[in-house]
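**Q** Have a peek at upload_0.csv (CSV, C-alpha atoms).
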```
chain,number,residue,atom,x,y,z
A,1,MET,CA,23.8,-18.6,30.8
A,2,ALA,CA,23.6,-15.9,28.1
A,3,TYR,CA,24.5,-12.4,29.2
A,4,ASN,CA,22.9,-9.2,28.2
A,5,ILE,CA,25.1,-6.4,26.8
A,6,LEU,CA,24.4,-2.6,26.5
A,7,ASP,CA,26.2,-0.1,24.4
A,8,LEU,CA,26.8,2.9,26.8
A,9,GLY,CA,27.1,5.3,23.9
A,10,SER,CA,29.7,8.0,23.1
A,11,LEU,CA,27.9,11.4,23.1
A,12,ASN,CA,28.8,12.1,19.5
A,13,LYS,CA,32.5,11.2,20.0
A,14,ASN,CA,34.2,8.4,17.9
A,15,LEU,CA,34.7,6.1,20.9
A,16,SER,CA,34.0,5.5,24.5
A,17,VAL,CA,35.9,3.5,27.2
A,18,ALA,CA,34.4,2.1,30.4
A,19,PHE,CA,36.9,1.6,33.3
A,20,ALA,CA,35.0,1.1,36.5
A,21,ILE,CA,31.6,0.1,38.0
A,22,THR,CA,30.1,0.4,41.5
A,23,ASN,CA,27.8,-2.1,43.1
A,24,CYS,CA,25.0,0.3,42.3
A,25,GLY,CA,25.8,0.1,38.6
A,26,GLN,CA,27.3,3.5,38.0
A,27,VAL,CA,30.1,3.5,35.4
A,28,ALA,CA,33.1,5.8,34.9
A,29,GLY,CA,35.2,6.2,31.8
A,30,TRP,CA,35.8,8.6,29.0
A,31,VAL,CA,34.8,9.5,25.4
A,32,ASP,CA,37.2,10.6,22.7
A,33,SER,CA,37.8,11.3,19.0
A,34,PRO,CA,41.5,10.6,18.4
A,35,VAL,CA,43.0,11.2,15.0
A,36,PRO,CA,44.5,7.9,13.7
A,37,PRO,CA,47.1,6.5,14.2
A,38,ALA,CA,46.9,8.2,17.6
A,39,THR,CA,44.9,6.2,20.2
A,40,LEU,CA,44.2,9.2,22.4
A,41,GLY,CA,43.1,12.6,21.4
A,42,ALA,CA,41.3,15.0,23.8
A,43,PRO,CA,39.3,12.6,26.1
A,44,VAL,CA,36.5,13.8,28.3
A,45,PRO,CA,35.5,11.9,31.4
A,46,PHE,CA,32.0,10.6,32.0
A,47,VAL,CA,29.8,9.0,34.5
A,48,TRP,CA,26.9,6.7,33.2
A,49,THR,CA,23.9,6.2,35.5
A,50,GLN,CA,20.7,4.3,34.7
A,51,GLY,CA,20.9,4.8,31.0
A,52,PHE,CA,22.2,8.4,31.0
A,53,MET,CA,25.8,9.4,30.2
A,54,HIS,CA,26.9,12.8,31.4
A,55,LEU,CA,30.3,14.5,31.0
A,56,LEU,CA,32.3,15.6,34.0
A,57,PRO,CA,33.3,19.3,34.0
A,58,LEU,CA,36.8,20.4,33.0
A,59,ALA,CA,37.8,23.7,34.7
A,60,GLY,CA,40.3,25.8,33.0
A,61,PRO,CA,43.1,25.5,32.1
A,62,ALA,CA,42.3,21.7,31.8
A,63,VAL,CA,41.4,20.8,28.2
A,64,SER,CA,40.9,17.0,28.6
A,65,GLY,CA,40.7,14.2,31.2
A,66,GLN,CA,40.0,10.6,32.0
A,67,ALA,CA,38.0,8.9,34.8
A,68,PHE,CA,39.5,5.8,36.2
A,69,ASP,CA,37.4,5.0,39.2
A,70,LEU,CA,34.4,6.1,41.2
A,71,ASN,CA,32.9,5.2,44.6
A,72,GLY,CA,29.4,4.7,46.0
A,73,GLN,CA,29.3,8.3,47.1
A,74,GLY,CA,29.5,9.6,43.6
A,75,GLN,CA,33.1,10.8,43.8
A,76,VAL,CA,35.2,10.2,40.7
A,77,VAL,CA,39.0,10.2,40.2
A,78,GLY,CA,41.3,10.3,37.2
A,79,ASN,CA,43.4,12.9,35.5
A,80,THR,CA,43.2,16.2,33.6
A,81,TYR,CA,45.6,17.6,31.1
A,82,ASN,CA,46.3,21.4,30.7
A,83,THR,CA,48.5,21.1,27.6
A,84,VAL,CA,51.6,21.2,29.8
A,85,VAL,CA,51.2,18.7,32.7
A,86,THR,CA,48.8,15.9,33.7
A,87,ARG,CA,47.3,16.4,37.1
A,88,ALA,CA,45.6,13.9,39.4
A,89,THR,CA,42.0,15.0,39.7
A,90,ARG,CA,38.8,14.3,41.7
A,91,TRP,CA,35.3,15.3,40.9
A,92,GLN,CA,32.8,15.7,43.7
A,93,GLY,CA,29.4,17.2,43.5
A,94,GLY,CA,30.0,18.3,40.0
A,95,VAL,CA,33.1,20.2,40.9
A,96,MET,CA,36.6,19.4,39.6
A,97,GLN,CA,39.4,19.3,42.2
A,98,LEU,CA,43.1,18.9,41.6
A,99,LEU,CA,44.8,16.5,43.9
A,100,PRO,CA,48.3,17.3,45.4
A,101,PHE,CA,50.1,14.3,44.0
A,102,LEU,CA,53.5,15.5,43.0
A,103,GLY,CA,54.9,15.0,39.5
A,104,ASP,CA,54.5,16.3,35.9
A,105,VAL,CA,52.3,13.3,35.0
A,106,ALA,CA,50.1,12.5,38.0
A,107,ASN,CA,47.0,10.3,38.2
A,108,GLY,CA,44.2,9.6,40.6
A,109,ARG,CA,43.8,5.8,40.0
A,110,SER,CA,41.2,4.7,42.6
A,111,ILE,CA,39.0,6.0,45.3
A,112,ASN,CA,37.2,4.2,48.2
A,113,ASP,CA,33.9,4.9,49.9
A,114,CYS,CA,35.7,7.0,52.5
A,115,GLY,CA,36.9,9.3,49.8
A,116,SER,CA,40.6,8.3,50.1
A,117,VAL,CA,42.5,8.3,46.8
A,118,ALA,CA,45.4,6.2,45.6
A,119,GLY,CA,47.5,7.4,42.7
A,120,ASP,CA,51.0,8.3,41.4
A,121,GLY,CA,53.1,11.1,40.0
A,122,ALA,CA,56.0,10.9,37.6
A,123,THR,CA,59.1,13.0,37.2
A,124,VAL,CA,62.1,12.6,34.8
A,125,THR,CA,63.9,10.5,37.4
A,126,ASN,CA,61.2,8.5,39.3
A,127,ILE,CA,57.6,7.6,39.7
A,128,GLN,CA,56.2,8.0,43.3
A,129,ALA,CA,53.0,6.3,44.5
A,130,TRP,CA,50.7,8.4,46.7
A,131,CYS,CA,47.7,7.8,49.0
A,132,ASP,CA,45.7,10.4,50.9
A,133,PRO,CA,43.9,8.6,53.8
A,134,GLY,CA,41.9,11.2,55.8
A,135,GLY,CA,43.1,14.0,53.6
A,136,ARG,CA,46.8,13.4,54.5
A,137,LEU,CA,49.2,13.1,51.5
A,138,ASN,CA,51.3,9.9,52.2
A,139,PRO,CA,54.0,8.6,49.9
A,140,ILE,CA,53.9,4.8,49.5
A,141,PRO,CA,57.3,3.1,49.7
A,142,PRO,CA,58.4,0.2,47.6
A,143,SER,CA,58.0,-3.4,48.9
A,144,ASN,CA,60.5,-4.7,51.5
A,145,SER,CA,62.7,-6.4,48.9
A,146,ARG,CA,62.5,-3.5,46.4
A,147,GLN,CA,63.7,-0.5,48.5
A,148,ALA,CA,66.0,0.6,45.7
A,149,ASP,CA,63.2,0.9,43.1
A,150,ARG,CA,62.5,4.4,41.8
A,151,TYR,CA,59.3,3.5,40.0
A,152,CYS,CA,56.2,3.0,42.3
A,153,ARG,CA,52.6,3.4,41.1
A,154,ALA,CA,49.5,3.2,43.2
A,155,TYR,CA,46.6,1.9,41.1
A,156,GLY,CA,44.0,0.9,43.7
A,157,ILE,CA,42.5,1.5,47.1
A,158,SER,CA,39.6,-0.3,48.8
A,159,ASN,CA,37.6,-0.3,52.0
A,160,ARG,CA,39.0,-2.6,54.6
A,161,GLU,CA,35.7,-4.3,55.5
A,162,SER,CA,33.6,-3.3,52.5
A,163,ARG,CA,33.4,-4.3,48.9
A,164,PRO,CA,36.4,-4.8,46.7
A,165,ASP,CA,37.5,-1.8,44.8
A,166,ARG,CA,40.0,-1.3,42.0
A,167,TRP,CA,43.6,-2.4,42.4
A,168,ARG,CA,45.3,-1.7,39.2
A,169,VAL,CA,49.0,-1.7,39.4
A,170,ARG,CA,51.9,-2.2,37.0
A,171,TYR,CA,55.0,-3.9,38.7
A,172,TRP,CA,53.8,-3.2,42.2
A,173,ALA,CA,53.2,-4.3,45.7
A,174,ALA,CA,49.8,-4.2,47.5
A,175,TYR,CA,49.7,-2.6,51.0
A,176,LEU,CA,47.0,-3.0,53.7
A,177,PHE,CA,46.5,-0.4,56.4
A,178,SER,CA,43.5,0.8,58.3
A,179,PRO,CA,41.1,1.9,57.0
A,180,CYS,CA,42.1,1.1,53.4
A,181,ILE,CA,44.1,-1.2,51.3
A,182,ARG,CA,46.6,0.3,48.9
A,183,ALA,CA,48.8,-0.7,46.1
A,184,ALA,CA,52.2,0.4,44.8
A,185,ALA,CA,54.6,-0.9,42.2
A,186,GLY,CA,57.5,-3.3,42.5
A,187,ARG,CA,59.1,-5.8,40.1
A,188,ASN,CA,57.0,-8.7,41.5
A,189,ALA,CA,53.5,-8.5,42.9
A,190,CYS,CA,53.4,-8.5,46.6
A,191,LEU,CA,50.9,-8.0,49.5
A,192,SER,CA,51.5,-5.9,52.6
A,193,LEU,CA,49.8,-6.9,55.8
A,194,GLY,CA,50.8,-3.8,57.7
A,195,GLN,CA,53.5,-3.3,60.3
A,196,GLY,CA,56.1,-3.2,57.5
A,197,HIS,CA,55.3,-6.8,56.4
A,198,ARG,CA,55.1,-6.9,52.6
A,199,PRO,CA,55.7,-10.4,51.3
A,200,ASP,CA,56.4,-11.0,47.6
A,201,LEU,CA,53.6,-13.0,46.0
A,202,GLY,CA,56.0,-14.7,43.6
A,203,THR,CA,55.5,-15.8,40.0
A,204,LEU,CA,53.9,-18.7,38.1
A,205,HIS,CA,57.3,-19.6,36.6
A,206,ALA,CA,60.9,-18.8,37.2
A,207,ASN,CA,62.6,-15.9,35.4
A,208,GLU,CA,59.4,-13.9,34.9
A,209,GLY,CA,57.9,-10.8,36.5
A,210,SER,CA,54.4,-10.6,38.1
A,211,GLU,CA,52.0,-7.7,38.3
A,212,ALA,CA,49.0,-7.4,40.7
A,213,TYR,CA,45.9,-5.7,39.3
A,214,GLY,CA,43.1,-6.4,41.7
A,215,ILE,CA,42.3,-7.5,45.2
A,216,ASN,CA,39.1,-8.1,47.2
A,217,ASP,CA,38.5,-8.0,50.9
A,218,LYS,CA,39.3,-11.7,51.3
A,219,LYS,CA,42.9,-10.8,50.2
A,220,GLN,CA,42.5,-12.7,47.0
A,221,VAL,CA,44.8,-11.0,44.4
A,222,VAL,CA,44.6,-11.1,40.7
A,223,GLY,CA,47.0,-10.0,38.0
A,224,ARG,CA,49.5,-11.2,35.5
A,225,SER,CA,52.7,-13.3,35.8
A,226,GLY,CA,54.7,-13.4,32.5
A,227,ASN,CA,52.0,-13.8,29.9
A,228,HIS,CA,49.4,-15.5,32.0
A,229,ALA,CA,46.7,-14.3,34.4
A,230,PHE,CA,46.8,-15.5,38.0
A,231,LEU,CA,44.8,-15.7,41.2
A,232,TRP,CA,46.7,-15.6,44.4
A,233,HIS,CA,45.2,-16.6,47.8
A,234,ASN,CA,46.8,-17.8,51.1
A,235,GLY,CA,50.2,-18.1,49.5
A,236,ALA,CA,49.2,-20.1,46.5
A,237,MET,CA,49.2,-18.7,42.9
A,238,THR,CA,46.8,-20.3,40.4
A,239,ASP,CA,47.3,-20.0,36.6
A,240,LEU,CA,44.1,-18.7,35.0
A,241,GLY,CA,45.5,-19.0,31.4
A,242,ALA,CA,46.8,-16.6,28.9
A,243,GLY,CA,46.2,-12.9,29.4
A,244,ALA,CA,45.8,-10.6,32.4
A,245,ALA,CA,43.3,-10.6,35.2
A,246,TYR,CA,42.2,-7.1,36.1
A,247,ASN,CA,39.8,-7.4,39.0
A,248,ILE,CA,38.0,-9.8,41.4
A,249,ASN,CA,34.7,-9.3,43.2
A,250,SER,CA,33.6,-10.6,46.7
A,251,ASN,CA,32.3,-13.8,45.1
A,252,ALA,CA,35.8,-14.6,43.7
A,253,ALA,CA,34.6,-13.9,40.1
A,254,VAL,CA,37.6,-12.7,38.1
A,255,ILE,CA,37.4,-10.3,35.1
A,256,GLY,CA,40.2,-10.6,32.7
A,257,ASP,CA,41.2,-8.9,29.5
A,258,SER,CA,39.1,-11.2,27.4
A,259,PHE,CA,37.6,-13.7,29.8
A,260,LEU,CA,35.5,-14.3,33.0
A,261,TRP,CA,36.8,-16.9,35.5
A,262,HIS,CA,34.7,-18.3,38.3
A,263,GLY,CA,34.7,-21.5,40.2
A,264,GLY,CA,37.6,-22.9,38.2
A,265,ALA,CA,35.9,-22.3,34.8
A,266,ARG,CA,37.2,-19.8,32.3
A,267,THR,CA,34.8,-18.4,29.7
A,268,ALA,CA,35.6,-16.0,26.8
A,269,LEU,CA,33.5,-12.8,27.1
A,270,THR,CA,32.3,-13.2,23.6
A,271,ALA,CA,31.1,-16.7,24.4
A,272,LEU,CA,28.8,-15.2,27.1
A,273,LEU,CA,26.8,-13.3,24.4
A,274,PRO,CA,24.3,-14.5,21.8
A,275,ALA,CA,25.8,-15.3,18.4
A,276,ASN,CA,24.0,-12.3,16.8
A,277,SER,CA,25.0,-9.7,19.4
A,278,GLY,CA,27.0,-7.6,17.0
A,279,TRP,CA,29.9,-7.3,19.4
A,280,SER,CA,33.5,-8.3,19.0
A,281,SER,CA,37.0,-7.7,20.5
A,282,LEU,CA,35.6,-7.4,24.1
A,283,GLU,CA,38.1,-6.2,26.8
A,284,GLY,CA,36.8,-6.4,30.3
A,285,ARG,CA,38.0,-3.9,33.0
A,286,ASP,CA,35.9,-4.3,36.1
A,287,ILE,CA,33.3,-6.5,37.7
A,288,ASN,CA,31.0,-5.6,40.7
A,289,ASP,CA,29.5,-7.9,43.3
A,290,ASN,CA,26.4,-8.3,41.2
A,291,GLY,CA,28.4,-9.8,38.4
A,292,GLU,CA,28.0,-6.8,36.2
A,293,ILE,CA,31.0,-6.3,33.9
A,294,VAL,CA,32.2,-3.2,32.1
A,295,GLY,CA,34.8,-2.7,29.5
A,296,THR,CA,35.3,-1.8,25.9
A,297,GLY,CA,34.5,-3.6,22.6
A,298,VAL,CA,33.7,-3.1,19.0
A,299,HIS,CA,29.9,-2.8,18.3
A,300,SER,CA,28.8,-2.5,14.6
A,301,GLY,CA,32.3,-1.3,13.7
A,302,ASN,CA,32.6,1.3,16.5
A,303,THR,CA,34.7,1.2,19.7
A,304,ARG,CA,32.2,1.5,22.6
A,305,ALA,CA,32.0,1.2,26.3
A,306,PHE,CA,29.8,-1.7,27.3
A,307,LEU,CA,27.9,-3.0,30.3
A,308,MET,CA,27.3,-6.8,30.6
A,309,TRP,CA,25.1,-8.6,33.1
A,310,PRO,CA,23.7,-12.1,33.6
```
Translate the structure of the given file into structure tokens.
**A**
Amino acid sequence: MAYNILDLGSLNKNLSVAFAITNCGQVAGWVDSPVPPATLGAPVPFVWTQGFMHLLPLAGPAVSGQAFDLNGQGQVVGNTYNTVVTRATRWQGGVMQLLPFLGDVANGRSINDCGSVAGDGATVTNIQAWCDPGGRLNPIPPSNSRQADRYCRAYGISNRESRPDRWRVRYWAAYLFSPCIRAAAGRNACLSLGQGHRPDLGTLHANEGSEAYGINDKKQVVGRSGNHAFLWHNGAMTDLGAGAAYNINSNAAVIGDSFLWHGGARTALTALLPANSGWSSLEGRDINDNGEIVGTGVHSGNTRAFLMWP
């Protein structure tokens, strides 16, 4: 089946990046005009809805920002930079709000439909994962076997009984508690089932680390072990081939850095498009329950956020 693809535009900037999509098809990301060789300049966060991209406001002293996730209520999370520190940030109703995640470099990584946010904050000595269920600021500890770790990042939070949301973590453990699922970092990917039980998910091969990037409500986890993507379910880890798997929807369709995996079949994203699409170097970031994919690619020589759908 050939997919359609849409360039989401860049609002007169040099590039655009799409990072997340809801089941309603709203997309979050940022636009930027970095000066080479830098890959990041002064990014400005955006939300794209039904063909229109609009920038999210930056309240002083913030001068730039990035949007990493959004929920079905129109709330967006990411970060803003004020030339001194990076602050975890939420946008709601067109208003920018700073989140109380501690650290000089703090990020709001993901938000669920209840409005709870997962993120992290870094200091010179450690990185602490945070979550704010019900508005309460809670530190997320390392996994059971990694209590000495000083580097914990929370990259995702989802609704317990709803659609999967973004779990993006580097060296982390995933935690489940009512009413959300949360993720934090450890040396190996692991899954917490509450009550202090946080089993290590293991690795594909000996002497390599694993990283969990996504989870759905069926507790299917995707990520990377060594240089290969994996799918973990019920204690078994499946090798999905070279690369990294970033997310999985409720139908067990996995979006990877350059591929779509579903039902045991792996397909390159570029192979899903017509030969004359004009797109190359596609990198997927998120997939919703409708099979719509967002990411970033090169279109007619320009780096652009894209939306793909079957």
**Q** If you count all atoms listed in the file, which residues fall within 12 Å of Asn290 in chain A, apart from same-chain ones fewer than 6 positions away, as a list in words?
**A**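 Surrounding residues, per the criterion: Ile21, Thr22, Asn23, Cys24, Gly25, Arg163, Pro164, Ile248, Asn249, Ser250, Asn251, Ala252, Ala253, Met308, Trp309 and Pro310 of chain A.
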**Q** Would you mind telling me which residue in A:Asp239, A:Asp32, A:Asp7, A:Glu208 lies nearest to Gly295 in chain A when using all atoms listed in the file?
**A**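 Comparing A:Asp239, A:Asp32, A:Asp7, A:Glu208 against Gly295 in chain A, the winner is A:Asp7.
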**Q** Write out as a list in words which residues come within 12 Å of range 92-97 of chain A when counting only C-alpha atoms, dropping same-chain ones fewer than 6 positions away.
**A**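 Contacts, in chain order: Pro45, Phe46, Val47, His54, Leu55, Leu56, Pro57, Leu58, Ala59, Gly60, Pro61, Ala62, Gly65, Ala67, Leu70, Asn71, Gly72, Gln73, Gly74, Gln75, Val76, Val77, Gly78, Asn79, Thr80, Gly108, Ile111 and Gly115 of chain A.
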**Q** Store the residues picked out above, limited to C-alpha atoms, as a PDB file, keeping the file's coordinate frame.
**A**
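This went into result20.pdb:
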```pdb
ATOM      1  CA  PRO A  45      35.500  11.900  31.400  1.00  0.00           C
ATOM      2  CA  PHE A  46      32.000  10.600  32.000  1.00  0.00           C
ATOM      3  CA  VAL A  47      29.800   9.000  34.500  1.00  0.00           C
ATOM      4  CA  HIS A  54      26.900  12.800  31.400  1.00  0.00           C
ATOM      5  CA  LEU A  55      30.300  14.500  31.000  1.00  0.00           C
ATOM      6  CA  LEU A  56      32.300  15.600  34.000  1.00  0.00           C
ATOM      7  CA  PRO A  57      33.300  19.300  34.000  1.00  0.00           C
ATOM      8  CA  LEU A  58      36.800  20.400  33.000  1.00  0.00           C
ATOM      9  CA  ALA A  59      37.800  23.700  34.700  1.00  0.00           C
ATOM     10  CA  GLY A  60      40.300  25.800  33.000  1.00  0.00           C
ATOM     11  CA  PRO A  61      43.100  25.500  32.100  1.00  0.00           C
ATOM     12  CA  ALA A  62      42.300  21.700  31.800  1.00  0.00           C
ATOM     13  CA  GLY A  65      40.700  14.200  31.200  1.00  0.00           C
ATOM     14  CA  ALA A  67      38.000   8.900  34.800  1.00  0.00           C
ATOM     15  CA  LEU A  70      34.400   6.100  41.200  1.00  0.00           C
ATOM     16  CA  ASN A  71      32.900   5.200  44.600  1.00  0.00           C
ATOM     17  CA  GLY A  72      29.400   4.700  46.000  1.00  0.00           C
ATOM     18  CA  GLN A  73      29.300   8.300  47.100  1.00  0.00           C
ATOM     19  CA  GLY A  74      29.500   9.600  43.600  1.00  0.00           C
ATOM     20  CA  GLN A  75      33.100  10.800  43.800  1.00  0.00           C
ATOM     21  CA  VAL A  76      35.200  10.200  40.700  1.00  0.00           C
ATOM     22  CA  VAL A  77      39.000  10.200  40.200  1.00  0.00           C
ATOM     23  CA  GLY A  78      41.300  10.300  37.200  1.00  0.00           C
ATOM     24  CA  ASN A  79      43.400  12.900  35.500  1.00  0.00           C
ATOM     25  CA  THR A  80      43.200  16.200  33.600  1.00  0.00           C
ATOM     26  CA  GLY A 108      44.200   9.600  40.600  1.00  0.00           C
ATOM     27  CA  ILE A 111      39.000   6.000  45.300  1.00  0.00           C
ATOM     28  CA  GLY A 115      36.900   9.300  49.800  1.00  0.00           C
TER      29      GLY A 115
END
```
**Q** Counting all atoms listed in the file, which of A:Gly291, A:Pro274, A:Gly121, A:Gly209 gets nearest to Asp104 in chain A?
**A** A:Gly121
**Q** Would you mind listing what lies within 8 Å of Thr86 in chain A as a ChimeraX atom specification, with only C-alpha atoms counted and same-chain residues fewer than 2 positions away left out?
**A** /A:79-82,84,88,104-107
**Q** May I have the selected residues written with C-alpha atoms, as a PDB file, in the coordinates of the input?
**A**
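selection33.pdb written:
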```
ATOM      1  CA  ASN A  79      43.400  12.900  35.500  1.00  0.00           C
ATOM      2  CA  THR A  80      43.200  16.200  33.600  1.00  0.00           C
ATOM      3  CA  TYR A  81      45.600  17.600  31.100  1.00  0.00           C
ATOM      4  CA  ASN A  82      46.300  21.400  30.700  1.00  0.00           C
ATOM      5  CA  VAL A  84      51.600  21.200  29.800  1.00  0.00           C
ATOM      6  CA  ALA A  88      45.600  13.900  39.400  1.00  0.00           C
ATOM      7  CA  ASP A 104      54.500  16.300  35.900  1.00  0.00           C
ATOM      8  CA  VAL A 105      52.300  13.300  35.000  1.00  0.00           C
ATOM      9  CA  ALA A 106      50.100  12.500  38.000  1.00  0.00           C
ATOM     10  CA  ASN A 107      47.000  10.300  38.200  1.00  0.00           C
TER      11      ASN A 107
END
```
**Q** To one decimal in Å, tell me the separation between CA of Arg87 in chain A and CA of Asn14 in chain A.
**A**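 One can read the CA of Arg87 in chain A to CA of Asn14 in chain A distance as 24.6 Å.
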**Q** Rounded to one decimal, what separation in Å do you get between CA of Ala28 in chain A and CA of Asp69 in chain A?
**A**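 Interatomic distance here is 6.1 Å.
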**Q** How big is the axis-aligned box around the listed atoms of range 209-221 of chain A once 8 Å is added on each side, and where is its centre? Give both in Å to one decimal, as JSON.
**A**
```
{"center_x": 48.2, "center_y": -9.2, "center_z": 43.9, "size_x": 35.4, "size_y": 23.0, "size_z": 30.8}
```
**Q** Between A:Gly214, A:Lys13, A:Met53, A:Ala242, single out the one closest to Pro34 in chain A, counting only C-alpha atoms.
**A**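 Among A:Gly214, A:Lys13, A:Met53, A:Ala242, it is A:Lys13 that comes nearest to Pro34 in chain A.
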**Q** Mind listing as a compact mmCIF listing (two decimals) with C-alpha atoms, in the frame of the given file all residues within 12 Å of (43.2, 12.9, 17.6), counting only C-alpha atoms?
**A**
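Heads up, here's the output in selection_35.txt:
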```
# COMPACT_ATOMS: atom_id res chain seq x y z
CA LYS A 13 32.50 11.20 20.00
CA ASN A 14 34.20 8.40 17.90
CA LEU A 15 34.70 6.10 20.90
CA VAL A 31 34.80 9.50 25.40
CA ASP A 32 37.20 10.60 22.70
CA SER A 33 37.80 11.30 19.00
CA PRO A 34 41.50 10.60 18.40
CA VAL A 35 43.00 11.20 15.00
CA PRO A 36 44.50 7.90 13.70
CA PRO A 37 47.10 6.50 14.20
CA ALA A 38 46.90 8.20 17.60
CA THR A 39 44.90 6.20 20.20
CA LEU A 40 44.20 9.20 22.40
CA GLY A 41 43.10 12.60 21.40
CA ALA A 42 41.30 15.00 23.80
CA PRO A 43 39.30 12.60 26.10
CA SER A 64 40.90 17.00 28.60
```
**Q** In Å to one decimal, how far is CA of Trp232 in chain A from CA of Ser281 in chain A?
**A**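 Computing it gives 27.0 Å between the two atoms.
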**Q** Using all atoms listed in the file, find the one residue out of A:Leu6, A:Val44, A:Val27, A:Val17 that sits nearest to Leu273 in chain A.
**A**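 Residue with the minimum atom-to-atom distance to Leu273 in chain A: A:Leu6.
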**Q** Quick one: of A:Asn234, A:Trp48, A:Gly223, A:Gly297, who's nearest to Leu11 in chain A, counting only C-alpha atoms?
**A**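 Under the stated criterion, the closest residue is A:Trp48.
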